[in-house]
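Containing PDB, C-alpha atoms: start_16.pdb.
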ATOM      1  CA  MET A   4     166.035  30.248 160.381  1.00  0.00           C
ATOM      2  CA  ALA A   5     164.745  32.891 157.991  1.00  0.00           C
ATOM      3  CA  LYS A   6     165.821  36.460 158.467  1.00  0.00           C
ATOM      4  CA  SER A   7     162.893  38.729 159.311  1.00  0.00           C
ATOM      5  CA  SER A   8     162.201  41.425 156.773  1.00  0.00           C
ATOM      6  CA  ARG A   9     161.366  45.005 157.512  1.00  0.00           C
ATOM      7  CA  ARG A  10     158.367  46.585 155.893  1.00  0.00           C
ATOM      8  CA  HIS A  11     158.362  50.138 154.662  1.00  0.00           C
ATOM      9  CA  TYR A  12     155.018  51.869 154.295  1.00  0.00           C
ATOM     10  CA  GLY A  13     155.282  55.569 153.573  1.00  0.00           C
ATOM     11  CA  ASP A  14     153.268  58.444 152.185  1.00  0.00           C
ATOM     12  CA  GLY A  15     153.802  57.253 148.622  1.00  0.00           C
ATOM     13  CA  ASN A  16     152.169  53.933 149.482  1.00  0.00           C
ATOM     14  CA  ARG A  17     149.265  55.723 151.127  1.00  0.00           C
ATOM     15  CA  GLN A  18     148.724  57.872 148.031  1.00  0.00           C
ATOM     16  CA  VAL A  19     148.691  54.817 145.748  1.00  0.00           C
ATOM     17  CA  PHE A  20     146.187  53.150 148.094  1.00  0.00           C
ATOM     18  CA  TYR A  21     144.007  56.280 148.173  1.00  0.00           C
ATOM     19  CA  ASP A  22     144.027  56.536 144.367  1.00  0.00           C
ATOM     20  CA  ALA A  23     143.037  52.869 144.007  1.00  0.00           C
ATOM     21  CA  ILE A  24     140.221  53.319 146.523  1.00  0.00           C
ATOM     22  CA  ARG A  25     138.945  56.337 144.575  1.00  0.00           C
ATOM     23  CA  VAL A  26     138.733  54.262 141.385  1.00  0.00           C
ATOM     24  CA  MET A  27     136.992  51.422 143.264  1.00  0.00           C
ATOM     25  CA  ARG A  28     134.434  53.831 144.712  1.00  0.00           C
ATOM     26  CA  GLU A  29     133.619  55.217 141.264  1.00  0.00           C
ATOM     27  CA  ALA A  30     133.110  51.672 139.919  1.00  0.00           C
ATOM     28  CA  CYS A  31     130.840  50.741 142.830  1.00  0.00           C
ATOM     29  CA  ILE A  32     128.699  53.835 142.306  1.00  0.00           C
ATOM     30  CA  THR A  33     128.337  52.964 138.630  1.00  0.00           C
ATOM     31  CA  VAL A  34     127.205  49.439 139.540  1.00  0.00           C
ATOM     32  CA  CYS A  35     124.724  50.751 142.126  1.00  0.00           C
ATOM     33  CA  ARG A  36     123.255  53.138 139.542  1.00  0.00           C
ATOM     34  CA  THR A  37     122.798  50.493 136.868  1.00  0.00           C
ATOM     35  CA  ALA A  38     122.342  47.076 138.523  1.00  0.00           C
ATOM     36  CA  PRO A  39     118.917  45.810 139.580  1.00  0.00           C
ATOM     37  CA  ILE A  40     118.180  46.919 143.146  1.00  0.00           C
ATOM     38  CA  ASN A  41     118.829  44.154 145.665  1.00  0.00           C
ATOM     39  CA  GLY A  42     120.533  42.056 143.014  1.00  0.00           C
ATOM     40  CA  LEU A  43     123.789  40.362 143.941  1.00  0.00           C
ATOM     41  CA  ASP A  44     125.918  42.922 142.077  1.00  0.00           C
ATOM     42  CA  TYR A  45     124.065  45.820 143.699  1.00  0.00           C
ATOM     43  CA  ARG A  46     124.431  44.420 147.218  1.00  0.00           C
ATOM     44  CA  THR A  47     128.105  43.596 146.712  1.00  0.00           C
ATOM     45  CA  ALA A  48     128.860  47.093 145.398  1.00  0.00           C
ATOM     46  CA  ALA A  49     126.964  48.671 148.313  1.00  0.00           C
ATOM     47  CA  GLU A  50     128.997  46.637 150.817  1.00  0.00           C
ATOM     48  CA  LEU A  51     132.220  47.634 149.061  1.00  0.00           C
ATOM     49  CA  LEU A  52     131.190  51.301 149.239  1.00  0.00           C
ATOM     50  CA  THR A  53     130.886  51.015 153.009  1.00  0.00           C
ATOM     51  CA  SER A  54     134.345  49.448 153.240  1.00  0.00           C
ATOM     52  CA  VAL A  55     135.852  52.038 150.893  1.00  0.00           C
ATOM     53  CA  ASP A  56     134.435  54.882 152.991  1.00  0.00           C
ATOM     54  CA  ARG A  57     135.941  53.324 156.124  1.00  0.00           C
ATOM     55  CA  ALA A  58     139.344  53.068 154.438  1.00  0.00           C
ATOM     56  CA  VAL A  59     139.135  56.696 153.285  1.00  0.00           C
ATOM     57  CA  GLU A  60     138.343  57.718 156.850  1.00  0.00           C
ATOM     58  CA  VAL A  61     141.481  55.932 158.060  1.00  0.00           C
ATOM     59  CA  LEU A  62     143.620  57.622 155.400  1.00  0.00           C
ATOM     60  CA  THR A  63     142.186  61.133 155.574  1.00  0.00           C
ATOM     61  CA  GLY A  64     140.221  61.417 158.789  1.00  0.00           C
ATOM     62  CA  ASP A  65     137.136  62.318 156.720  1.00  0.00           C
ATOM     63  CA  ARG A  66     134.802  59.514 155.673  1.00  0.00           C
ATOM     64  CA  ARG A  67     133.257  61.817 153.056  1.00  0.00           C
ATOM     65  CA  ALA A  68     136.501  62.895 151.415  1.00  0.00           C
ATOM     66  CA  LEU A  69     135.588  61.197 148.122  1.00  0.00           C
ATOM     67  CA  TRP A  70     131.887  62.036 148.163  1.00  0.00           C
ATOM     68  CA  ARG A  71     130.674  64.248 145.338  1.00  0.00           C
ATOM     69  CA  GLN A  72     129.115  67.595 146.067  1.00  0.00           C
ATOM     70  CA  PRO A  73     125.313  67.480 145.783  1.00  0.00           C
ATOM     71  CA  HIS A  74     125.281  69.902 142.839  1.00  0.00           C
ATOM     72  CA  SER A  75     127.904  68.042 140.816  1.00  0.00           C
ATOM     73  CA  ASN A  76     127.452  65.376 138.184  1.00  0.00           C
ATOM     74  CA  SER A  77     131.095  64.402 137.890  1.00  0.00           C
ATOM     75  CA  PHE A  78     133.248  61.987 139.865  1.00  0.00           C
ATOM     76  CA  THR A  79     136.063  64.522 139.732  1.00  0.00           C
ATOM     77  CA  ALA A  80     134.181  66.849 142.064  1.00  0.00           C
ATOM     78  CA  ALA A  81     135.274  65.099 145.260  1.00  0.00           C
ATOM     79  CA  ARG A  82     135.639  67.370 148.264  1.00  0.00           C
ATOM     80  CA  GLU A  83     138.949  69.114 148.510  1.00  0.00           C
ATOM     81  CA  THR A  84     138.045  72.369 150.222  1.00  0.00           C
ATOM     82  CA  PRO A  85     134.894  73.514 151.993  1.00  0.00           C
ATOM     83  CA  LEU A  86     132.514  75.689 150.011  1.00  0.00           C
ATOM     84  CA  ARG A  87     132.689  79.410 150.607  1.00  0.00           C
ATOM     85  CA  PRO A  88     129.498  81.166 151.685  1.00  0.00           C
ATOM     86  CA  VAL A  89     127.673  83.130 149.004  1.00  0.00           C
ATOM     87  CA  GLU A  90     128.225  86.864 149.244  1.00  0.00           C
ATOM     88  CA  THR A  91     125.137  89.050 149.208  1.00  0.00           C
ATOM     89  CA  ASP A  92     124.921  92.578 147.811  1.00  0.00           C
ATOM     90  CA  LYS A  93     124.880  94.027 151.343  1.00  0.00           C
ATOM     91  CA  GLU A  94     128.184  92.331 152.225  1.00  0.00           C
ATOM     92  CA  GLN A  95     129.927  93.783 149.154  1.00  0.00           C
ATOM     93  CA  SER A  96     129.257  97.429 150.058  1.00  0.00           C
TER
END

Using the file provided, produce a representation of the structure as structure tokens.
Amino acid sequence: MAKSSRRHYGDGNRQVFYDAIRVMREACITVCRTAPINGLDYRTAAELLTSVDRAVEVLTGDRRALWRQPHSNSFTAARETPLRPVETDKEQS
């Protein structure tokens, strides 16, 4: 009879998984921006985006953790901290 093996899944594994998901999400967004709408590639990438967002929610608790800020045009602008409110002149005095 075969000896059962123990699996070890730690924070390092979760970080590798998260990094791979981030790359996959970027690739899917690129496909969705360039492929013909409702083409097979477009639909497949859209389905993968949904799955990627679910996996990110499991890992971080925030489904939108890898979403870009609306004012950004770079994939590196994923949410890390909430935006601070803009200070007005009255608040500074």

Task: Nearest candidate to Asp14 of chain A (options A:Ala48, A:Leu69, A:Ala30, A:Leu62; using all atoms listed in the file) - done: A:Leu62

TODO: For atom CA of Leu51 of chain A and atom CA of Val26 of chain A, determine how far apart the two atoms are, in Å to one decimal place.
DONE: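 Interatomic distance here is 12.1 Å.
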
TODO: Give me the residues within 12 Å of Arg28 of chain A as a PyMOL selection string, counting only C-alpha atoms and dropping any in the same chain fewer than 2 places off.
DONE: chain A and resi 21-26+30-35+48-59+67-71+78-79+81

Task: Length of the atom CA of Thr63 of chain A to atom CA of Gly13 of chain A vector [Å] - done: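 Interatomic distance here is 14.4 Å.
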